[in-house]
Structures are given as structure tokens and as C-alpha cells.
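Report on the following structure.
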Amino acid sequence: TIWFAAMMLPLVPSCETVTLFGIPIIAFCWILVAVQACMLAYLHPFVWGEGTECPEASPALTGICAIILSFSVVSGDLADCFQTWEYLRLIPSGHGTLLFESRLSKGQQPVDMWRVEKGGIGHCHRAFAILVYVVVRAASTLSIMLYGIGYVAVAESDDDKIKDCLAFLILTDLDDIFYNLAVPKIVKADLERVPDLCLTDDAAGFTLFQRLWNVLGAWVKPALVATWAVGLVQAFCAGGV
């Protein structure tokens, strides 16, 4: 995503034109946040203004739209925020561009396990990256989801609910749209060569919770997200959100 591009461009040695590409991409991230903030400010009176109430018609459609929005946010931007947090956690403290090395994992089917061999990021750089690329992004995404659920809940007709849901889905995908339009192919190629960092050598290093979560998570997570979405609709219509 454009967020990962803005975070990694200053650290990847193959990008020789960081100033040419890095600064505009970082600027695009802030423009994206500003656009989303302006949209939410415009929608605020319609969602949280006095006199707004949820119509009793089509509660099932409202719940379905809320679940779709929640799944889009949780599986998209929020998942990327957690992955960014993990990636930053695995980069050692230090200075200089990152150099990666790989080794084969243990087990019957070994795979390449990557780690940072040389270089790192300072404490200020790490704190700034966490603030901007994790906290600000997560807050912006969650705000869009809450406003989207509220706006769909107060919509009068079924057509409006469906169109509003699609509009908020597009709003949550603006970062992908910006990435496809604004990031040059040469930068995308460099970013695609950035490896995934790994913490453990193989599944033997997983804790009992991680093993159980790998088995049950595929069933538990969708149920939790759907329950959360329906609960948000009920809390909003009851005036508790």
C-alpha cells in the first residue's frame, strides 16, 4: 500500500531516488488523511447531528451493510496496520539502509526465512513510523467505519443504504487507489523485493495459543467481526455510540 511505500522508501537501498519519489508519496499519505477527514467533517451533521434516528425498516439490510464495512476495514487497513507494527518490531535499532539475509527454516519443507543483517532505524524514526503509519492510519480507518455504519443506519430507503455502503467501501480503498495511480512502477518493483521478516524458524516455535489460533482463528475471527458490526449498529441506534 502507499503507507508501506512511504515507510520503507527511506530504508530500501535500491531506491536511489528517495527524494524524487519518497517525499511525494509521503505527501500523498497526508493528503489522503486530509481528504478522509474532510469527508467525515461534511458527514458529521448527518450522522451525529440532533434529530437523527434509525428507521425501523430493513434492519437486516443495515446489519449486512455494517458487516460488509467491518470486514472490509478489519481485513484491509487494520490488518495492514498490525502487519506494519510487526514489521517495525522486527527491524533492529540502528542507523543506515537495511540489508536483508535469508536462511532456510527447519522442518520437512524448508522455506526462506528473512531477517535484517545490517542497518536499522532509530528510536525517533520508529516512534514516528508507529504514530503515522499505525496509529493515525488505524484511527482514520476506524473513523470511516463508524461514520459509514452510522450513515447507513440512518438512511431511509434500501437503495440509499446499498449506495452509501458502496461509497464508504470506496473511501476505505482510497489508499490502494492512490498507490496504483501515484507510485511509479520502478518504486513498486523495489518494494516488491522487500522480503517478509520472520520471527520464528518454524511452527515448532509457536506457542500453544498461536497453534490454537491458527486452527480456530479462521472461524472465530469472522464471527467476532460480524458480532461487533451488529453490536455497533444496535449501540448507534440506541444512542450509545
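Here, A, B, ... name the chains of the C-alpha cells in the order displayed, residue numbers run from 1 inside each chain, and ligands are numbered from 1 in the same displayed order.
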Where in range 96-188 of chain A does DSSP assign strand (DSSP E), given as a compact mmCIF listing (two decimals) with N, CA and C atoms, in the first residue's frame?
# COMPACT_ATOMS: atom_id res chain seq x y z
N LEU A 99 19.89 -4.07 5.02
CA LEU A 99 20.37 -5.17 4.19
C LEU A 99 19.80 -6.46 4.77
N PHE A 100 19.17 -7.27 3.92
CA PHE A 100 18.49 -8.47 4.38
C PHE A 100 19.30 -9.71 4.02
N GLU A 101 19.13 -10.74 4.83
CA GLU A 101 19.71 -12.04 4.53
C GLU A 101 18.67 -13.11 4.83
N SER A 102 18.79 -14.24 4.16
CA SER A 102 17.83 -15.32 4.34
C SER A 102 18.55 -16.60 4.74
N ARG A 103 17.82 -17.47 5.40
CA ARG A 103 18.31 -18.80 5.72
C ARG A 103 17.12 -19.74 5.65
N LEU A 104 17.39 -21.01 5.46
CA LEU A 104 16.33 -21.98 5.33
C LEU A 104 15.78 -22.33 6.71
N ASP A 112 12.51 -19.97 2.83
CA ASP A 112 13.43 -18.88 3.13
C ASP A 112 12.90 -18.05 4.29
N MET A 113 13.72 -17.85 5.30
CA MET A 113 13.40 -17.00 6.45
C MET A 113 14.30 -15.78 6.40
N TRP A 114 13.69 -14.61 6.37
CA TRP A 114 14.44 -13.37 6.19
C TRP A 114 14.59 -12.63 7.51
N ARG A 115 15.73 -11.96 7.65
CA ARG A 115 15.97 -11.08 8.78
C ARG A 115 16.88 -9.94 8.31
N VAL A 116 16.97 -8.91 9.13
CA VAL A 116 17.83 -7.76 8.81
C VAL A 116 19.26 -8.09 9.23
N GLU A 117 20.16 -8.11 8.26
CA GLU A 117 21.56 -8.41 8.54
C GLU A 117 22.32 -7.16 8.97
N LYS A 118 22.00 -6.04 8.38
CA LYS A 118 22.74 -4.81 8.64
C LYS A 118 21.79 -3.63 8.53
Report task. Assign secondary structure with DSSP using the backbone only, and return the residues of chain A in alpha helix (DSSP H) as number ranges by chain. Result -> A: 2-8, 18-48, 59-73, 79-90, 123-130, 137-154, 158-172, 174-182, 185-192, 208-237
Requested in this report: With a distance cut-off of 12 Å and only C-alpha atoms, select the neighbouring residues of Val136 in chain A, excluding the residue or stretch itself and same-chain residues fewer than 3 positions from it, and output the selection as a PyMOL selection string.
Outcome: chain A and resi 3+29-30+32-34+36-37+77-78+81+128-133+139-143
Query raised in the report: What is the CA of Val35 in chain A to CA of Ile68 in chain A distance in Å?
Result: 22.4 Å
Requested in this report: Using only C-alpha atoms, determine which residues lie at most 6 Å from range 217-231 of chain A, disregarding the query and same-chain residues fewer than 5 positions distant; provide the list as a ChimeraX atom specification.
Outcome: /A:63,66-67
**Report entry** Atom pair CA of Gly122 in chain A / CA of Pro92 in chain A: separation (Å)
**Finding:**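 Separation of CA of Gly122 in chain A and CA of Pro92 in chain A: 8.7 Å.
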Query raised in the report: Which one of A:Ser75, A:Ile186, A:Val215, A:Phe82 sits closest to Asp173 in chain A if you count only C-alpha atoms?
Result: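 When distances to Asp173 in chain A are compared using only C-alpha atoms, the smallest one comes from A:Ser75.
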